[in-house]
>>> print(open('model-v7.tsv').read())   # TSV, C-alpha atoms
chain	number	residue	atom	x	y	z
A	1	MET	CA	62.58	-89.83	99.33
A	2	PRO	CA	62.76	-87.55	102.40
A	3	PHE	CA	65.25	-88.28	105.15
A	4	THR	CA	63.54	-89.77	108.22
A	5	ILE	CA	64.23	-90.85	111.79
A	6	ASP	CA	62.12	-92.73	114.31
A	7	SER	CA	59.98	-90.52	116.53
A	8	PRO	CA	61.76	-89.96	119.87
A	9	ASN	CA	58.36	-89.83	121.60
A	10	HIS	CA	57.44	-93.33	120.44
A	11	PRO	CA	60.56	-95.50	120.59
A	12	ALA	CA	58.58	-98.62	119.77
A	13	ASN	CA	57.08	-97.04	116.68
A	14	THR	CA	58.65	-98.47	113.54
A	15	GLN	CA	57.13	-95.79	111.29
A	16	PRO	CA	59.71	-93.14	110.33
A	17	LEU	CA	59.06	-89.49	111.19
A	18	PRO	CA	59.48	-87.02	108.28
A	19	LEU	CA	62.45	-84.75	108.81
A	20	ASP	CA	60.33	-81.61	108.56
A	21	ARG	CA	58.55	-82.69	111.74
A	22	VAL	CA	61.73	-83.30	113.73
A	23	SER	CA	62.28	-80.73	116.47
A	24	GLY	CA	65.58	-78.97	117.13
A	25	ASP	CA	66.08	-81.16	120.21
A	26	SER	CA	65.67	-84.28	118.09
A	27	LEU	CA	68.48	-83.15	115.78
A	28	GLU	CA	70.90	-83.73	118.65
A	29	GLU	CA	70.07	-87.42	118.47
A	30	LEU	CA	71.12	-87.77	114.84
A	31	SER	CA	74.54	-88.99	113.74
A	32	ASP	CA	76.86	-86.70	111.77
A	33	GLY	CA	75.97	-88.54	108.57
A	34	GLU	CA	72.26	-88.12	109.20
A	35	LEU	CA	72.74	-84.42	109.94
A	36	LEU	CA	74.68	-84.00	106.70
A	37	GLU	CA	71.85	-85.64	104.78
A	38	ALA	CA	69.41	-83.32	106.55
A	39	VAL	CA	71.44	-80.29	105.45
A	40	ARG	CA	71.39	-81.56	101.88
A	41	ASP	CA	67.61	-81.86	102.17
A	42	GLY	CA	67.39	-78.17	103.04
A	43	ARG	CA	67.46	-78.29	106.84
A	44	VAL	CA	70.25	-75.75	107.44
A	45	GLU	CA	69.55	-75.82	111.19
A	46	ALA	CA	70.98	-79.33	111.16
A	47	TYR	CA	74.31	-77.75	110.27
A	48	GLY	CA	74.00	-75.69	113.45
A	49	THR	CA	73.96	-78.96	115.37
A	50	LEU	CA	77.14	-80.06	113.59
A	51	PHE	CA	78.71	-76.68	114.37
A	52	THR	CA	77.86	-76.93	118.08
A	53	ARG	CA	79.03	-80.55	118.22
A	54	HIS	CA	82.44	-79.98	116.61
A	55	ARG	CA	83.26	-76.29	117.21
A	56	THR	CA	85.57	-76.91	120.18
A	57	THR	CA	87.51	-79.57	118.29
A	58	ALA	CA	87.90	-77.29	115.27
A	59	ILE	CA	89.23	-74.42	117.40
A	60	HIS	CA	91.65	-76.79	119.14
A	61	ILE	CA	93.01	-78.02	115.80
A	62	ALA	CA	93.42	-74.48	114.47
A	63	ASN	CA	95.04	-73.27	117.66
A	64	GLY	CA	97.53	-76.13	117.47
A	65	VAL	CA	98.73	-74.75	114.14
A	66	LEU	CA	98.43	-71.02	114.80
A	67	GLY	CA	99.14	-70.67	118.52
A	68	ASN	CA	96.64	-67.79	118.67
A	69	TYR	CA	93.21	-68.48	120.14
A	70	ASP	CA	91.36	-65.54	118.58
A	71	LEU	CA	92.74	-66.35	115.13
A	72	ALA	CA	91.96	-70.03	115.72
A	73	VAL	CA	88.30	-69.15	116.39
A	74	ASP	CA	88.17	-67.12	113.18
A	75	THR	CA	89.80	-69.96	111.26
A	76	ALA	CA	87.40	-72.57	112.66
A	77	HIS	CA	84.38	-70.43	111.77
A	78	GLU	CA	85.73	-69.79	108.29
A	79	SER	CA	86.19	-73.55	107.82
A	80	PHE	CA	82.61	-74.30	108.89
A	81	SER	CA	81.37	-71.62	106.51
A	82	SER	CA	83.32	-73.01	103.57
A	83	ILE	CA	82.11	-76.55	104.24
A	84	LEU	CA	78.48	-75.39	104.34
A	85	SER	CA	78.98	-73.58	101.04
A	86	ALA	CA	80.46	-76.75	99.55
A	87	ILE	CA	77.50	-78.84	100.75
A	88	GLN	CA	75.01	-76.36	99.35
A	89	ALA	CA	76.88	-76.45	96.04
A	90	GLY	CA	76.50	-80.23	95.90
A	91	SER	CA	79.95	-81.30	97.11
A	92	GLY	CA	81.53	-81.52	100.55
A	93	PRO	CA	81.26	-84.35	103.11
A	94	VAL	CA	78.56	-86.99	102.70
A	95	ASP	CA	78.73	-89.74	105.32
A	96	THR	CA	81.29	-88.47	107.82
A	97	PHE	CA	81.98	-84.95	108.99
A	98	LYS	CA	84.76	-84.90	111.58
A	99	GLY	CA	87.56	-86.05	109.28
A	100	TYR	CA	86.50	-83.63	106.56
A	101	LEU	CA	86.32	-80.79	109.10
A	102	ARG	CA	89.75	-81.65	110.49
A	103	ALA	CA	91.29	-81.47	107.02
A	104	ALA	CA	89.47	-78.23	106.20
A	105	VAL	CA	90.55	-76.56	109.45
A	106	LYS	CA	94.17	-77.60	109.03
A	107	ARG	CA	94.20	-76.38	105.44
A	108	GLU	CA	92.72	-73.02	106.46
A	109	ALA	CA	95.02	-72.72	109.48
A	110	TYR	CA	98.14	-73.33	107.40
A	111	LYS	CA	96.89	-70.79	104.87
A	112	GLN	CA	96.41	-68.25	107.67
A	113	SER	CA	99.85	-69.07	109.04
A	114	ARG	CA	101.47	-68.44	105.66
A	115	ARG	CA	99.60	-65.15	105.34
A	116	ARG	CA	100.83	-64.02	108.74
A	117	THR	CA	104.43	-64.62	107.76
A	118	MET	CA	104.09	-63.03	104.32
A	119	GLU	CA	101.95	-59.98	105.08
A	120	THR	CA	102.80	-56.84	107.00
A	121	PRO	CA	101.26	-56.99	110.48
A	122	VAL	CA	98.10	-54.91	110.81
A	123	ALA	CA	99.66	-52.63	113.43
A	124	GLU	CA	102.42	-51.69	110.95
A	125	HIS	CA	100.25	-51.37	107.86
A	126	PRO	CA	100.64	-47.97	106.15
A	127	ASP	CA	96.89	-47.36	106.52
A	128	ASN	CA	97.37	-47.61	110.26
A	129	ASP	CA	100.41	-45.41	110.89
A	130	HIS	CA	99.23	-44.20	114.28
A	131	PRO	CA	98.78	-46.65	117.16
A	132	VAL	CA	95.16	-47.02	118.19
A	133	GLU	CA	96.06	-45.89	121.70
A	134	ASP	CA	97.08	-42.42	120.43
A	135	PHE	CA	93.49	-41.61	119.55
A	136	THR	CA	91.37	-43.23	122.23
A	137	THR	CA	91.62	-40.48	124.86
A	138	ASP	CA	90.49	-37.82	122.40
A	139	LEU	CA	87.62	-39.76	120.86
A	140	PHE	CA	86.20	-41.76	123.77
A	141	ASP	CA	85.09	-40.91	127.27
A	142	PRO	CA	87.61	-42.18	129.87
A	143	ALA	CA	85.62	-45.29	130.82
A	144	LEU	CA	85.10	-46.31	127.21
A	145	SER	CA	88.75	-45.61	126.45
A	146	GLU	CA	89.84	-47.94	129.25
A	147	ALA	CA	87.41	-50.62	128.10
A	148	PHE	CA	88.75	-50.31	124.56
A	149	LYS	CA	92.39	-50.53	125.66
A	150	SER	CA	91.64	-53.67	127.68
A	151	LEU	CA	90.58	-55.55	124.52
A	152	PRO	CA	92.98	-57.83	122.64
A	153	HIS	CA	94.93	-55.83	120.05
A	154	ARG	CA	93.24	-57.66	117.16
A	155	TRP	CA	89.81	-56.67	118.51
A	156	GLN	CA	90.91	-53.06	118.92
A	157	GLN	CA	92.06	-52.99	115.31
A	158	VAL	CA	88.86	-54.39	113.82
A	159	ILE	CA	86.70	-51.96	115.82
A	160	TRP	CA	88.95	-49.10	114.84
A	161	HIS	CA	88.87	-49.88	111.12
A	162	LEU	CA	85.13	-50.59	110.87
A	163	ASP	CA	83.60	-48.26	113.45
A	164	ILE	CA	85.98	-45.30	113.70
A	165	GLU	CA	87.38	-45.20	110.15
A	166	ASP	CA	84.05	-46.48	108.73
A	167	ARG	CA	85.76	-48.87	106.33
A	168	THR	CA	84.01	-51.89	104.83
A	169	PRO	CA	84.70	-55.52	105.80
A	170	LYS	CA	85.70	-56.17	102.19
A	171	ASP	CA	88.41	-53.49	102.38
A	172	VAL	CA	89.70	-54.48	105.81
A	173	ALA	CA	89.53	-58.30	105.58
A	174	PRO	CA	92.86	-58.70	103.67
A	175	LEU	CA	94.69	-56.86	106.46
A	176	PHE	CA	93.62	-59.62	108.85
A	177	GLY	CA	94.08	-62.49	106.43
A	178	LEU	CA	90.35	-63.25	106.64
A	179	SER	CA	87.37	-63.36	104.35
A	180	PRO	CA	84.86	-60.51	104.75
A	181	ASN	CA	82.40	-62.89	106.46
A	182	ALA	CA	85.01	-64.04	108.96
A	183	LEU	CA	85.98	-60.42	109.61
A	184	VAL	CA	82.36	-59.56	110.37
A	185	ALA	CA	82.29	-62.43	112.88
A	186	LEU	CA	85.50	-61.13	114.47
A	187	HIS	CA	84.03	-57.62	114.63
A	188	ARG	CA	80.88	-58.96	116.30
A	189	ARG	CA	82.94	-60.67	119.03
A	190	ALA	CA	85.07	-57.56	119.49
A	191	LYS	CA	82.02	-55.32	119.91
A	192	LYS	CA	80.54	-57.77	122.40
A	193	GLY	CA	83.83	-57.75	124.35
A	194	LEU	CA	83.87	-53.97	124.37
A	195	THR	CA	80.28	-53.82	125.62
A	196	ASN	CA	81.04	-56.30	128.39
A	197	ASN	CA	84.12	-54.37	129.50
A	198	TYR	CA	82.33	-51.01	129.37
A	199	ASN	CA	79.27	-52.06	131.38
>>> encode(input="model-v7.tsv", output="structure tokens")
Amino acid sequence: MPFTIDSPNHPANTQPLPLDRVSGDSLEELSDGELLEAVRDGRVEAYGTLFTRHRTTAIHIANGVLGNYDLAVDTAHESFSSILSAIQAGSGPVDTFKGYLRAAVKREAYKQSRRRTMETPVAEHPDNDHPVEDFTTDLFDPALSEAFKSLPHRWQQVIWHLDIEDRTPKDVAPLFGLSPNALVALHRRAKKGLTNNYN
């Protein structure tokens, strides 16, 4: 039986509206449990509503463990991604989302924290013997070089590895303690930051 809600345009109407006719705006009116059921019924955009609704909380939880905002964003996004994969595989949260998300974020944040203490920092990794700053003047025009140097070090590193050294996310992800998908998300934010600083 398809998941249904009452039509928002006819509040007095007692006939349920099929989910495939619910607009994106109407998804905002659903509870977390209803959104989860919608995702299980194939409406992945409903998960976007859950992401928007709980993203700030997830980042706050991760940042409380890691004390690094950029890494907290990566960790939160990785947690959302893993939960969606679990739902699509037939497991994951069913009725409530926030508690499940909180546990997932904390678990991922502690895992990232352990990796940071066990692994060699990216800046000291043998594949990165030379500081990024040593190369920027030679490879970039002055304005681009300044924009690059103004980025957070983590953003500089991901741009350097993927765009200058032309390495793959799969190869670079372990250096950052991230999955390849999370590294791609980090790279996307870094490139956007560079564009904003350069313009």
>>> residues_around(input="model-v7.tsv", residues="Val184 (chain A)", least_positions_apart="6", cutoff="10 Å", atoms="all atoms listed in the file", output="list of chain:residue names")
A:Asp74, A:Val158, A:Leu162, A:Thr168, A:Pro169, A:Lys170, A:Ala173, A:Leu178, A:Ala190
>>> atom_distance(input="model-v7.tsv", atom1="CA of Arg115 (chain A)", atom2="CA of Pro174 (chain A)")
9.5 Å
>>> residues_around(input="model-v7.tsv", residues="Tyr69 (chain A)", least_positions_apart="3", cutoff="12 Å", atoms="only C-alpha atoms", output="list in words")
Thr56, Ala58, Ile59, His60, Ile61, Ala62, Asn63, Gly64, Val65, Leu66, Ala72, Val73, Asp74, Thr75, Ala76, Ala109, Pro152 and Arg154 of chain A
>>> write_last_selection(input="model-v7.tsv", atoms="C-alpha atoms", output="compact mmCIF listing (two decimals), in the coordinates of the input")
# COMPACT_ATOMS: atom_id res chain seq x y z
CA THR A 56 85.57 -76.91 120.18
CA ALA A 58 87.90 -77.29 115.27
CA ILE A 59 89.23 -74.42 117.40
CA HIS A 60 91.65 -76.79 119.14
CA ILE A 61 93.01 -78.02 115.80
CA ALA A 62 93.42 -74.48 114.47
CA ASN A 63 95.04 -73.27 117.66
CA GLY A 64 97.53 -76.13 117.47
CA VAL A 65 98.73 -74.75 114.14
CA LEU A 66 98.43 -71.02 114.80
CA ALA A 72 91.96 -70.03 115.72
CA VAL A 73 88.30 -69.15 116.39
CA ASP A 74 88.17 -67.12 113.18
CA THR A 75 89.80 -69.96 111.26
CA ALA A 76 87.40 -72.57 112.66
CA ALA A 109 95.02 -72.72 109.48
CA PRO A 152 92.98 -57.83 122.64
CA ARG A 154 93.24 -57.66 117.16
>>> atom_distance(input="model-v7.tsv", atom1="CA of Thr57 (chain A)", atom2="CA of Arg107 (chain A)")
14.8 Å
>>> residues_near_point(input="model-v7.tsv", point="(88.1, -75.5, 107.1)", cutoff="6 Å", atoms="only C-alpha atoms", output="PyMOL selection string")
chain A and resi 79-80+101+104-105+108
>>> write_last_selection(input="model-v7.tsv", atoms="C-alpha atoms", output="PDB file, keeping the file's coordinate frame")
ATOM      1  CA  SER A  79      86.190 -73.550 107.820  1.00  0.00           C
ATOM      2  CA  PHE A  80      82.610 -74.300 108.890  1.00  0.00           C
ATOM      3  CA  LEU A 101      86.320 -80.790 109.100  1.00  0.00           C
ATOM      4  CA  ALA A 104      89.470 -78.230 106.200  1.00  0.00           C
ATOM      5  CA  VAL A 105      90.550 -76.560 109.450  1.00  0.00           C
ATOM      6  CA  GLU A 108      92.720 -73.020 106.460  1.00  0.00           C
TER       7      GLU A 108
END
>>> closest_residue(input="model-v7.tsv", among="A:Asp171, A:Glu146, A:Asp163, A:Asp95", to="Arg40 (chain A)", atoms="only C-alpha atoms")
A:Asp95
>>> atom_distance(input="model-v7.tsv", atom1="CA of Gly48 (chain A)", atom2="CA of Lys98 (chain A)")
14.3 Å
>>> closest_residue(input="model-v7.tsv", among="A:Ser145, A:Val39, A:Arg102, A:Glu29", to="Arg55 (chain A)", atoms="only C-alpha atoms")
A:Arg102
>>> residues_around(input="model-v7.tsv", residues="Glu28 (chain A)", least_positions_apart="4", cutoff="9 Å", atoms="only C-alpha atoms", output="list of chain:residue names")
A:Gly24, A:Leu35, A:Ala46, A:Thr49, A:Leu50, A:Arg53
>>> write_last_selection(input="model-v7.tsv", atoms="C-alpha atoms", output="tab-separated table (two decimals), keeping the file's coordinate frame")
chain	number	residue	atom	x	y	z
A	24	GLY	CA	65.58	-78.97	117.13
A	35	LEU	CA	72.74	-84.42	109.94
A	46	ALA	CA	70.98	-79.33	111.16
A	49	THR	CA	73.96	-78.96	115.37
A	50	LEU	CA	77.14	-80.06	113.59
A	53	ARG	CA	79.03	-80.55	118.22
>>> axis_aligned_box(input="model-v7.tsv", around="region 28-44 of chain A", padding_each_side="8 Å", output="lines of an AutoDock Vina configuration file")
center_x = 72.1
center_y = -82.4
center_z = 110.3
size_x = 25.5
size_y = 29.2
size_z = 32.8
>>> closest_residue(input="model-v7.tsv", among="A:Ser150, A:Ser81, A:Thr52, A:Ser31", to="Ala182 (chain A)", atoms="all atoms listed in the file")
A:Ser81
>>> decode(input="model-v7.tsv", residues="region 91-108 of chain A", atoms="N, CA and C atoms", output="PDB file, in the first residue's frame")
ATOM      1  N   SER A  91      17.805  -1.787   5.844  1.00  0.00           N
ATOM      2  CA  SER A  91      17.985  -1.638   7.292  1.00  0.00           C
ATOM      3  C   SER A  91      17.902  -0.143   7.636  1.00  0.00           C
ATOM      4  N   GLY A  92      18.609   0.267   8.667  1.00  0.00           N
ATOM      5  CA  GLY A  92      18.581   1.679   9.027  1.00  0.00           C
ATOM      6  C   GLY A  92      17.362   2.063   9.838  1.00  0.00           C
ATOM      7  N   PRO A  93      17.189   3.367  10.098  1.00  0.00           N
ATOM      8  CA  PRO A  93      16.079   3.839  10.945  1.00  0.00           C
ATOM      9  C   PRO A  93      14.730   3.619  10.276  1.00  0.00           C
ATOM     10  N   VAL A  94      13.699   3.419  11.106  1.00  0.00           N
ATOM     11  CA  VAL A  94      12.360   3.166  10.577  1.00  0.00           C
ATOM     12  C   VAL A  94      11.391   4.261  10.999  1.00  0.00           C
ATOM     13  N   ASP A  95      11.196   4.430  12.302  1.00  0.00           N
ATOM     14  CA  ASP A  95      10.195   5.383  12.789  1.00  0.00           C
ATOM     15  C   ASP A  95      10.802   6.734  13.179  1.00  0.00           C
ATOM     16  N   THR A  96      11.987   6.704  13.745  1.00  0.00           N
ATOM     17  CA  THR A  96      12.625   7.943  14.185  1.00  0.00           C
ATOM     18  C   THR A  96      13.989   8.075  13.523  1.00  0.00           C
ATOM     19  N   PHE A  97      14.390   9.311  13.283  1.00  0.00           N
ATOM     20  CA  PHE A  97      15.630   9.556  12.553  1.00  0.00           C
ATOM     21  C   PHE A  97      16.703  10.228  13.408  1.00  0.00           C
ATOM     22  N   LYS A  98      16.308  11.190  14.227  1.00  0.00           N
ATOM     23  CA  LYS A  98      17.284  12.026  14.911  1.00  0.00           C
ATOM     24  C   LYS A  98      18.198  11.215  15.827  1.00  0.00           C
ATOM     25  N   GLY A  99      17.639  10.299  16.607  1.00  0.00           N
ATOM     26  CA  GLY A  99      18.453   9.498  17.504  1.00  0.00           C
ATOM     27  C   GLY A  99      19.418   8.597  16.749  1.00  0.00           C
ATOM     28  N   TYR A 100      18.932   8.029  15.651  1.00  0.00           N
ATOM     29  CA  TYR A 100      19.785   7.173  14.822  1.00  0.00           C
ATOM     30  C   TYR A 100      20.917   7.992  14.220  1.00  0.00           C
ATOM     31  N   LEU A 101      20.573   9.190  13.726  1.00  0.00           N
ATOM     32  CA  LEU A 101      21.586  10.077  13.141  1.00  0.00           C
ATOM     33  C   LEU A 101      22.626  10.467  14.186  1.00  0.00           C
ATOM     34  N   ARG A 102      22.160  10.812  15.379  1.00  0.00           N
ATOM     35  CA  ARG A 102      23.085  11.221  16.439  1.00  0.00           C
ATOM     36  C   ARG A 102      24.102  10.105  16.725  1.00  0.00           C
ATOM     37  N   ALA A 103      23.620   8.886  16.814  1.00  0.00           N
ATOM     38  CA  ALA A 103      24.513   7.760  17.083  1.00  0.00           C
ATOM     39  C   ALA A 103      25.480   7.543  15.924  1.00  0.00           C
ATOM     40  N   ALA A 104      24.968   7.654  14.695  1.00  0.00           N
ATOM     41  CA  ALA A 104      25.812   7.448  13.523  1.00  0.00           C
ATOM     42  C   ALA A 104      26.905   8.506  13.420  1.00  0.00           C
ATOM     43  N   VAL A 105      26.538   9.756  13.697  1.00  0.00           N
ATOM     44  CA  VAL A 105      27.513  10.852  13.621  1.00  0.00           C
ATOM     45  C   VAL A 105      28.586  10.685  14.692  1.00  0.00           C
ATOM     46  N   LYS A 106      28.173  10.364  15.906  1.00  0.00           N
ATOM     47  CA  LYS A 106      29.149  10.174  16.979  1.00  0.00           C
ATOM     48  C   LYS A 106      30.093   9.025  16.658  1.00  0.00           C
ATOM     49  N   ARG A 107      29.537   7.943  16.146  1.00  0.00           N
ATOM     50  CA  ARG A 107      30.367   6.787  15.790  1.00  0.00           C
ATOM     51  C   ARG A 107      31.386   7.174  14.711  1.00  0.00           C
ATOM     52  N   GLU A 108      30.934   7.888  13.691  1.00  0.00           N
ATOM     53  CA  GLU A 108      31.831   8.307  12.616  1.00  0.00           C
ATOM     54  C   GLU A 108      32.850   9.334  13.112  1.00  0.00           C
TER      55      GLU A 108
END
